[in-house]
$ cat protein13.cif   # mmCIF, C-alpha atoms
data_target
#
loop_
_atom_site.label_atom_id
_atom_site.label_comp_id
_atom_site.auth_asym_id
_atom_site.auth_seq_id
_atom_site.Cartn_x
_atom_site.Cartn_y
_atom_site.Cartn_z
CA MET A 1 6.53 -18.52 -14.93
CA GLY A 2 10.05 -19.10 -13.79
CA LYS A 3 13.11 -20.04 -15.78
CA ASP A 4 12.33 -23.76 -15.58
CA LYS A 5 9.33 -25.83 -14.62
CA HIS A 6 10.59 -26.40 -11.06
CA ARG A 7 11.03 -22.74 -10.04
CA ASN A 8 8.74 -19.81 -9.46
CA GLU A 9 9.35 -16.11 -9.96
CA VAL A 10 7.55 -13.14 -8.51
CA CYS A 11 6.38 -10.00 -10.24
CA ILE A 12 4.55 -6.79 -9.46
CA VAL A 13 1.79 -5.46 -11.64
CA VAL A 14 1.62 -1.67 -11.73
CA ASN A 15 -1.51 0.17 -12.80
CA LYS A 16 -0.95 1.92 -16.13
CA HIS A 17 -1.71 5.26 -14.45
CA LEU A 18 1.24 4.70 -12.10
CA LYS A 19 3.81 3.33 -14.56
CA ASP A 20 5.46 6.75 -15.01
CA SER A 21 5.77 7.00 -11.21
CA VAL A 22 8.12 4.01 -11.04
CA ILE A 23 11.66 5.06 -10.14
CA ILE A 24 13.42 1.74 -9.53
CA VAL A 25 12.65 -1.96 -9.92
CA THR A 26 14.96 -4.31 -8.04
CA LYS A 27 15.01 -8.12 -8.06
CA LYS A 28 16.72 -10.27 -5.44
CA GLY A 29 16.86 -13.66 -7.09
CA ASP A 30 13.63 -15.19 -8.35
CA LEU A 31 11.69 -14.80 -5.11
CA ILE A 32 11.83 -11.08 -4.20
CA ILE A 33 11.08 -8.00 -6.26
CA SER A 34 10.67 -4.41 -5.11
CA VAL A 35 9.33 -1.35 -6.85
CA LYS A 36 9.95 2.23 -5.73
CA LEU A 37 7.38 4.80 -6.87
CA VAL A 38 6.68 8.47 -6.29
CA ILE A 39 3.01 8.93 -5.44
CA GLU A 40 1.70 12.35 -4.43
CA GLU A 41 5.14 13.51 -3.31
CA SER A 42 5.69 10.37 -1.19
CA ILE A 43 8.16 7.64 -1.99
CA VAL A 44 6.41 4.30 -1.78
CA ASN A 45 8.17 0.93 -1.80
CA ILE A 46 6.25 -2.22 -2.66
CA ILE A 47 7.82 -5.62 -2.19
CA SER A 48 6.41 -8.85 -3.55
CA ALA A 49 7.98 -12.10 -2.43
CA TYR A 50 7.48 -15.84 -2.33
CA ALA A 51 8.96 -17.51 0.73
CA PRO A 52 10.34 -21.04 0.45
CA GLN A 53 7.82 -23.73 1.30
CA VAL A 54 7.83 -25.62 4.58
CA GLY A 55 9.47 -28.76 3.13
CA LEU A 56 12.55 -26.97 1.78
CA ASP A 57 15.89 -27.04 3.57
CA ASP A 58 16.85 -24.53 6.25
CA LEU A 59 19.66 -23.03 4.15
CA THR A 60 17.20 -22.04 1.39
CA LYS A 61 14.89 -20.46 3.97
CA GLU A 62 17.75 -18.58 5.66
CA GLN A 63 18.95 -17.24 2.29
CA PHE A 64 15.44 -15.96 1.55
CA TRP A 65 15.15 -14.19 4.92
CA LYS A 66 18.66 -12.71 4.56
CA GLN A 67 17.64 -11.30 1.17
CA MET A 68 14.41 -9.90 2.66
CA ASP A 69 16.44 -8.31 5.47
CA ASP A 70 18.81 -6.74 2.92
CA VAL A 71 15.97 -5.34 0.81
CA VAL A 72 14.09 -3.82 3.76
CA GLN A 73 17.28 -2.44 5.37
CA GLY A 74 17.94 -0.61 2.09
CA ILE A 75 14.69 1.36 2.33
CA PRO A 76 15.04 4.63 4.26
CA PHE A 77 12.67 4.95 7.21
CA GLY A 78 11.01 8.09 5.81
CA GLU A 79 9.75 6.16 2.77
CA LYS A 80 6.53 4.15 2.87
CA LEU A 81 6.88 0.37 2.78
CA PHE A 82 4.31 -2.27 1.89
CA ILE A 83 5.05 -5.97 1.52
CA GLY A 84 2.72 -8.51 -0.06
CA ASP A 85 4.02 -12.01 0.30
CA ASP A 86 3.22 -15.67 0.10
CA PHE A 87 5.16 -16.28 3.31
CA ASN A 88 4.23 -19.99 3.53
CA GLY A 89 3.79 -19.71 7.28
CA HIS A 90 0.98 -19.36 9.80
CA VAL A 91 0.95 -16.38 12.17
CA GLY A 92 -2.18 -17.80 13.80
CA MET A 93 -5.09 -16.11 15.47
CA HIS A 94 -3.45 -15.32 18.80
CA LYS A 95 -0.98 -12.50 19.47
CA GLN A 96 1.21 -14.73 21.71
CA GLY A 97 3.72 -12.04 22.66
CA TYR A 98 3.62 -10.27 19.29
CA GLU A 99 1.06 -7.60 20.24
CA LYS A 100 3.13 -4.87 18.58
CA VAL A 101 2.83 -6.48 15.12
CA HIS A 102 -0.20 -8.83 15.35
CA ASP A 103 -3.67 -7.59 16.29
CA GLY A 104 -5.20 -11.01 16.99
CA PHE A 105 -7.41 -11.51 13.94
CA GLY A 106 -5.52 -14.20 12.03
CA PHE A 107 -6.42 -17.80 11.25
CA GLY A 108 -5.28 -21.12 12.69
CA ASP A 109 -2.25 -21.78 14.85
CA LEU A 110 1.19 -20.19 14.86
CA ASN A 111 3.92 -22.38 13.35
CA GLU A 112 7.71 -21.98 13.10
CA CYS A 113 7.53 -20.23 9.71
CA GLY A 114 4.88 -17.92 11.16
CA ARG A 115 7.15 -17.12 14.08
CA ARG A 116 9.84 -16.10 11.55
CA ILE A 117 7.34 -13.77 9.86
CA LEU A 118 6.44 -12.18 13.18
CA ASP A 119 10.10 -11.87 14.23
CA PHE A 120 10.80 -10.17 10.87
CA ALA A 121 7.90 -7.79 11.50
CA VAL A 122 9.20 -6.94 14.98
CA ALA A 123 12.75 -6.38 13.68
CA PHE A 124 11.59 -3.87 11.05
CA ASP A 125 8.70 -2.24 12.95
CA LEU A 126 6.10 -3.72 10.60
CA ILE A 127 2.52 -4.70 11.30
CA VAL A 128 0.80 -7.75 9.80
CA GLY A 129 -2.11 -6.02 8.09
CA ASN A 130 -4.20 -9.19 7.75
CA THR A 131 -4.50 -9.37 11.54
CA LEU A 132 -5.81 -5.83 12.08
CA TYR A 133 -9.53 -6.43 11.60
CA MET A 134 -12.01 -9.17 12.31
CA LYS A 135 -13.08 -10.93 9.12
CA ARG A 136 -15.19 -13.93 8.30
CA GLU A 137 -13.13 -17.12 8.15
CA GLU A 138 -13.57 -17.46 4.38
CA HIS A 139 -11.95 -14.05 3.94
CA LEU A 140 -8.90 -15.10 5.95
CA ILE A 141 -8.18 -18.30 4.02
CA THR A 142 -5.53 -17.74 1.33
CA PHE A 143 -4.75 -21.38 0.53
CA LYS A 144 -7.14 -24.27 0.17
CA SER A 145 -6.42 -27.86 -0.89
CA GLY A 146 -9.08 -30.48 -0.23
CA ALA A 147 -9.99 -30.24 3.45
CA ASN A 148 -6.84 -28.22 4.27
CA ARG A 149 -7.30 -24.50 4.72
CA SER A 150 -4.72 -21.97 5.82
CA GLN A 151 -3.65 -18.37 5.73
CA ILE A 152 -0.16 -18.06 4.22
CA ASN A 153 -0.36 -14.76 2.34
CA TYR A 154 0.21 -11.59 4.34
CA PHE A 155 0.44 -7.86 3.87
CA LEU A 156 2.97 -6.04 6.00
CA ALA A 157 3.50 -2.31 6.38
CA ARG A 158 5.53 -0.10 8.63
CA VAL A 159 3.58 0.61 11.78
CA ILE A 160 3.70 4.30 10.91
CA ASP A 161 2.12 3.58 7.49
CA HIS A 162 -0.51 1.02 8.53
CA ARG A 163 -3.37 3.50 8.23
CA SER A 164 -2.65 3.52 4.49
CA LEU A 165 -3.64 -0.16 4.29
CA ASN A 166 -7.09 -0.42 2.86
CA MET A 167 -8.18 -3.94 3.80
#

$ encode --input "protein13.cif" --output "structure tokens"
Amino acid sequence: MGKDKHRNEVCIVVNKHLKDSVIIVTKKGDLIISVKLVIEESIVNIISAYAPQVGLDDLTKEQFWKQMDDVVQGIPFGEKLFIGDDFNGHVGMHKQGYEKVHDGFGFGDLNECGRRILDFAVAFDLIVGNTLYMKREEHLITFKSGANRSQINYFLARVIDHRSLNM
């Protein structure tokens, strides 16, 4: 839980067999945390984040994306990068000009927050792992409330590392 009942924090759980592989843990506010590990002679960066919800103000959203930009820019290109995030956006099921980062197997319709996710992926040469393979609809849904269903959680990786995604 966060510091008060109105805020959330993110964390990363590391398997006990990997805990000695952790080199650095870095937090950017309450919503972004990154862990750098050495695994089989590779440096692997894992980022967990929680994007501001749709109803929050634009300044809060811009601050979040600026922090995400800063974190990812600080990771050398030769290191592996994997991001797991509740992005609170919809990248949709259609590539719509994002063929480099979206493989067409998402859920629902693209919205403005989803466009920001895809623009972020393009800027950092990332692929949205959830869109790589056809899945049954129930396996795409990451948020359900009553009759509302959506996909708001995504896994991103550098295009060069996407074969390491085991989805």

$ closest_residue --input "protein13.cif" --among "A:Gly89, A:Lys100, A:Asp69, A:Asp119" --to "Gly55 (chain A)" --atoms "only C-alpha atoms"
A:Gly89

$ residues_around --input "protein13.cif" --residues "Thr26 (chain A)" --least-positions-apart "3" --cutoff "8 Å" --atoms "all atoms listed in the file" --output "PDB file with C-alpha atoms, in the coordinates of the input"
ATOM      1  CA  ILE A  33      11.080  -8.000  -6.260  1.00  0.00           C
ATOM      2  CA  SER A  34      10.670  -4.410  -5.110  1.00  0.00           C
ATOM      3  CA  VAL A  35       9.330  -1.350  -6.850  1.00  0.00           C
TER       4      VAL A  35
END

$ axis_aligned_box --input "protein13.cif" --around "region 40-49 of chain A" --padding-each-side "4 Å" --output "lines of an AutoDock Vina configuration file"
center_x = 4.9
center_y = 0.7
center_z = -2.8
size_x = 14.5
size_y = 33.6
size_z = 11.2

$ resolve_selection --input "protein13.cif" --expression "the PyMOL selection byres ((chain A and resi 84) around 8)" --output "PDB file with C-alpha atoms, in the coordinates of the input"
ATOM      1  CA  ILE A  46       6.250  -2.220  -2.660  1.00  0.00           C
ATOM      2  CA  ILE A  47       7.820  -5.620  -2.190  1.00  0.00           C
ATOM      3  CA  SER A  48       6.410  -8.850  -3.550  1.00  0.00           C
ATOM      4  CA  ALA A  49       7.980 -12.100  -2.430  1.00  0.00           C
ATOM      5  CA  PHE A  82       4.310  -2.270   1.890  1.00  0.00           C
ATOM      6  CA  ILE A  83       5.050  -5.970   1.520  1.00  0.00           C
ATOM      7  CA  ASP A  85       4.020 -12.010   0.300  1.00  0.00           C
ATOM      8  CA  ASP A  86       3.220 -15.670   0.100  1.00  0.00           C
ATOM      9  CA  ASN A 153      -0.360 -14.760   2.340  1.00  0.00           C
ATOM     10  CA  TYR A 154       0.210 -11.590   4.340  1.00  0.00           C
ATOM     11  CA  PHE A 155       0.440  -7.860   3.870  1.00  0.00           C
ATOM     12  CA  LEU A 156       2.970  -6.040   6.000  1.00  0.00           C
TER      13      LEU A 156
END

$ atom_distance --input "protein13.cif" --atom1 "CA of Val159 (chain A)" --atom2 "CA of Leu126 (chain A)"
5.1 Å

$ atom_distance --input "protein13.cif" --atom1 "CA of Val38 (chain A)" --atom2 "CA of Gln73 (chain A)"
19.2 Å

$ atom_distance --input "protein13.cif" --atom1 "CA of His90 (chain A)" --atom2 "CA of Phe143 (chain A)"
11.1 Å

$ closest_residue --input "protein13.cif" --among "A:Met134, A:Arg116, A:Leu110, A:Lys95" --to "Glu62 (chain A)" --atoms "all atoms listed in the file"
A:Arg116

$ resolve_selection --input "protein13.cif" --expression "the PyMOL selection byres ((chain A and resi 79) around 8)" --output "PyMOL selection string"
chain A and resi 42-45+75-78+80-81

$ residues_near_point --input "protein13.cif" --point "(1.7, -1.7, -11.7)" --cutoff "12 Å" --atoms "only C-alpha atoms" --output "PyMOL selection string"
chain A and resi 11-22+25+34-37+46-48

$ closest_residue --input "protein13.cif" --among "A:Val91, A:Leu31, A:Met68, A:Ile141" --to "Asp103 (chain A)" --atoms "only C-alpha atoms"
A:Val91

$ closest_residue --input "protein13.cif" --among "A:Asn130, A:Lys135, A:Ile39, A:Asn88" --to "Arg115 (chain A)" --atoms "all atoms listed in the file"
A:Asn88

$ closest_residue --input "protein13.cif" --among "A:Ala147, A:Val10, A:Leu59, A:Leu118" --to "Gly29 (chain A)" --atoms "only C-alpha atoms"
A:Val10

$ closest_residue --input "protein13.cif" --among "A:Ile117, A:Ile24, A:Leu56, A:Val72" --to "Tyr98 (chain A)" --atoms "only C-alpha atoms"
A:Ile117

$ build_atoms --input "protein13.cif" --residues "region 47-73 of chain A" --atoms "N, CA, C and O atoms" --output "tab-separated table (two decimals), in the coordinates of the input"
chain	number	residue	atom	x	y	z
A	47	ILE	N	7.04	-4.39	-2.04
A	47	ILE	CA	7.82	-5.62	-2.19
A	47	ILE	C	6.86	-6.78	-2.37
A	47	ILE	O	5.87	-6.91	-1.64
A	48	SER	N	7.14	-7.61	-3.34
A	48	SER	CA	6.41	-8.85	-3.55
A	48	SER	C	7.42	-9.99	-3.41
A	48	SER	O	8.52	-9.91	-3.95
A	49	ALA	N	7.04	-11.00	-2.66
A	49	ALA	CA	7.98	-12.10	-2.43
A	49	ALA	C	7.24	-13.42	-2.30
A	49	ALA	O	6.02	-13.46	-2.09
A	50	TYR	N	7.99	-14.48	-2.45
A	50	TYR	CA	7.48	-15.84	-2.33
A	50	TYR	C	8.45	-16.62	-1.47
A	50	TYR	O	9.53	-16.99	-1.92
A	51	ALA	N	8.08	-16.83	-0.22
A	51	ALA	CA	8.96	-17.51	0.73
A	51	ALA	C	9.05	-19.00	0.40
A	51	ALA	O	8.09	-19.59	-0.09
A	52	PRO	N	10.19	-19.60	0.68
A	52	PRO	CA	10.34	-21.04	0.45
A	52	PRO	C	9.30	-21.83	1.25
A	52	PRO	O	8.94	-21.46	2.37
A	53	GLN	N	8.84	-22.91	0.67
A	53	GLN	CA	7.82	-23.73	1.30
A	53	GLN	C	8.37	-24.49	2.49
A	53	GLN	O	9.58	-24.69	2.62
A	54	VAL	N	7.47	-24.95	3.33
A	54	VAL	CA	7.83	-25.62	4.58
A	54	VAL	C	8.80	-26.78	4.37
A	54	VAL	O	9.74	-26.95	5.12
A	55	GLY	N	8.64	-27.58	3.33
A	55	GLY	CA	9.47	-28.76	3.13
A	55	GLY	C	10.88	-28.50	2.64
A	55	GLY	O	11.70	-29.41	2.60
A	56	LEU	N	11.21	-27.26	2.29
A	56	LEU	CA	12.55	-26.97	1.78
A	56	LEU	C	13.56	-26.88	2.92
A	56	LEU	O	13.22	-26.65	4.07
A	57	ASP	N	14.83	-27.02	2.56
A	57	ASP	CA	15.89	-27.04	3.57
A	57	ASP	C	16.07	-25.69	4.25
A	57	ASP	O	15.70	-24.65	3.73
A	58	ASP	N	16.66	-25.73	5.44
A	58	ASP	CA	16.85	-24.53	6.25
A	58	ASP	C	17.76	-23.51	5.58
A	58	ASP	O	17.54	-22.29	5.73
A	59	LEU	N	18.76	-23.94	4.83
A	59	LEU	CA	19.66	-23.03	4.15
A	59	LEU	C	18.90	-22.16	3.14
A	59	LEU	O	19.10	-20.95	3.08
A	60	THR	N	18.01	-22.78	2.37
A	60	THR	CA	17.20	-22.04	1.39
A	60	THR	C	16.34	-21.00	2.09
A	60	THR	O	16.24	-19.86	1.65
A	61	LYS	N	15.74	-21.39	3.21
A	61	LYS	CA	14.89	-20.46	3.97
A	61	LYS	C	15.72	-19.31	4.54
A	61	LYS	O	15.32	-18.15	4.47
A	62	GLU	N	16.88	-19.61	5.09
A	62	GLU	CA	17.75	-18.58	5.66
A	62	GLU	C	18.22	-17.60	4.58
A	62	GLU	O	18.32	-16.40	4.83
A	63	GLN	N	18.55	-18.11	3.40
A	63	GLN	CA	18.95	-17.24	2.29
A	63	GLN	C	17.82	-16.29	1.92
A	63	GLN	O	18.05	-15.10	1.69
A	64	PHE	N	16.60	-16.81	1.86
A	64	PHE	CA	15.44	-15.96	1.55
A	64	PHE	C	15.31	-14.84	2.59
A	64	PHE	O	15.18	-13.67	2.23
A	65	TRP	N	15.34	-15.21	3.88
A	65	TRP	CA	15.15	-14.19	4.92
A	65	TRP	C	16.31	-13.19	4.96
A	65	TRP	O	16.10	-12.01	5.23
A	66	LYS	N	17.51	-13.63	4.65
A	66	LYS	CA	18.66	-12.71	4.56
A	66	LYS	C	18.42	-11.71	3.44
A	66	LYS	O	18.67	-10.51	3.59
A	67	GLN	N	17.93	-12.20	2.29
A	67	GLN	CA	17.64	-11.30	1.17
A	67	GLN	C	16.52	-10.32	1.54
A	67	GLN	O	16.59	-9.14	1.21
A	68	MET	N	15.49	-10.81	2.23
A	68	MET	CA	14.41	-9.90	2.66
A	68	MET	C	14.97	-8.84	3.61
A	68	MET	O	14.63	-7.66	3.49
A	69	ASP	N	15.81	-9.27	4.55
A	69	ASP	CA	16.44	-8.31	5.47
A	69	ASP	C	17.21	-7.25	4.69
A	69	ASP	O	17.08	-6.05	4.97
A	70	ASP	N	18.00	-7.67	3.72
A	70	ASP	CA	18.81	-6.74	2.92
A	70	ASP	C	17.94	-5.74	2.18
A	70	ASP	O	18.23	-4.54	2.14
A	71	VAL	N	16.86	-6.23	1.58
A	71	VAL	CA	15.97	-5.34	0.81
A	71	VAL	C	15.33	-4.30	1.73
A	71	VAL	O	15.34	-3.11	1.44
A	72	VAL	N	14.78	-4.75	2.85
A	72	VAL	CA	14.09	-3.82	3.76
A	72	VAL	C	15.08	-2.87	4.42
A	72	VAL	O	14.79	-1.67	4.57
A	73	GLN	N	16.27	-3.33	4.78
A	73	GLN	CA	17.28	-2.44	5.37
A	73	GLN	C	17.69	-1.35	4.39
A	73	GLN	O	18.09	-0.26	4.81
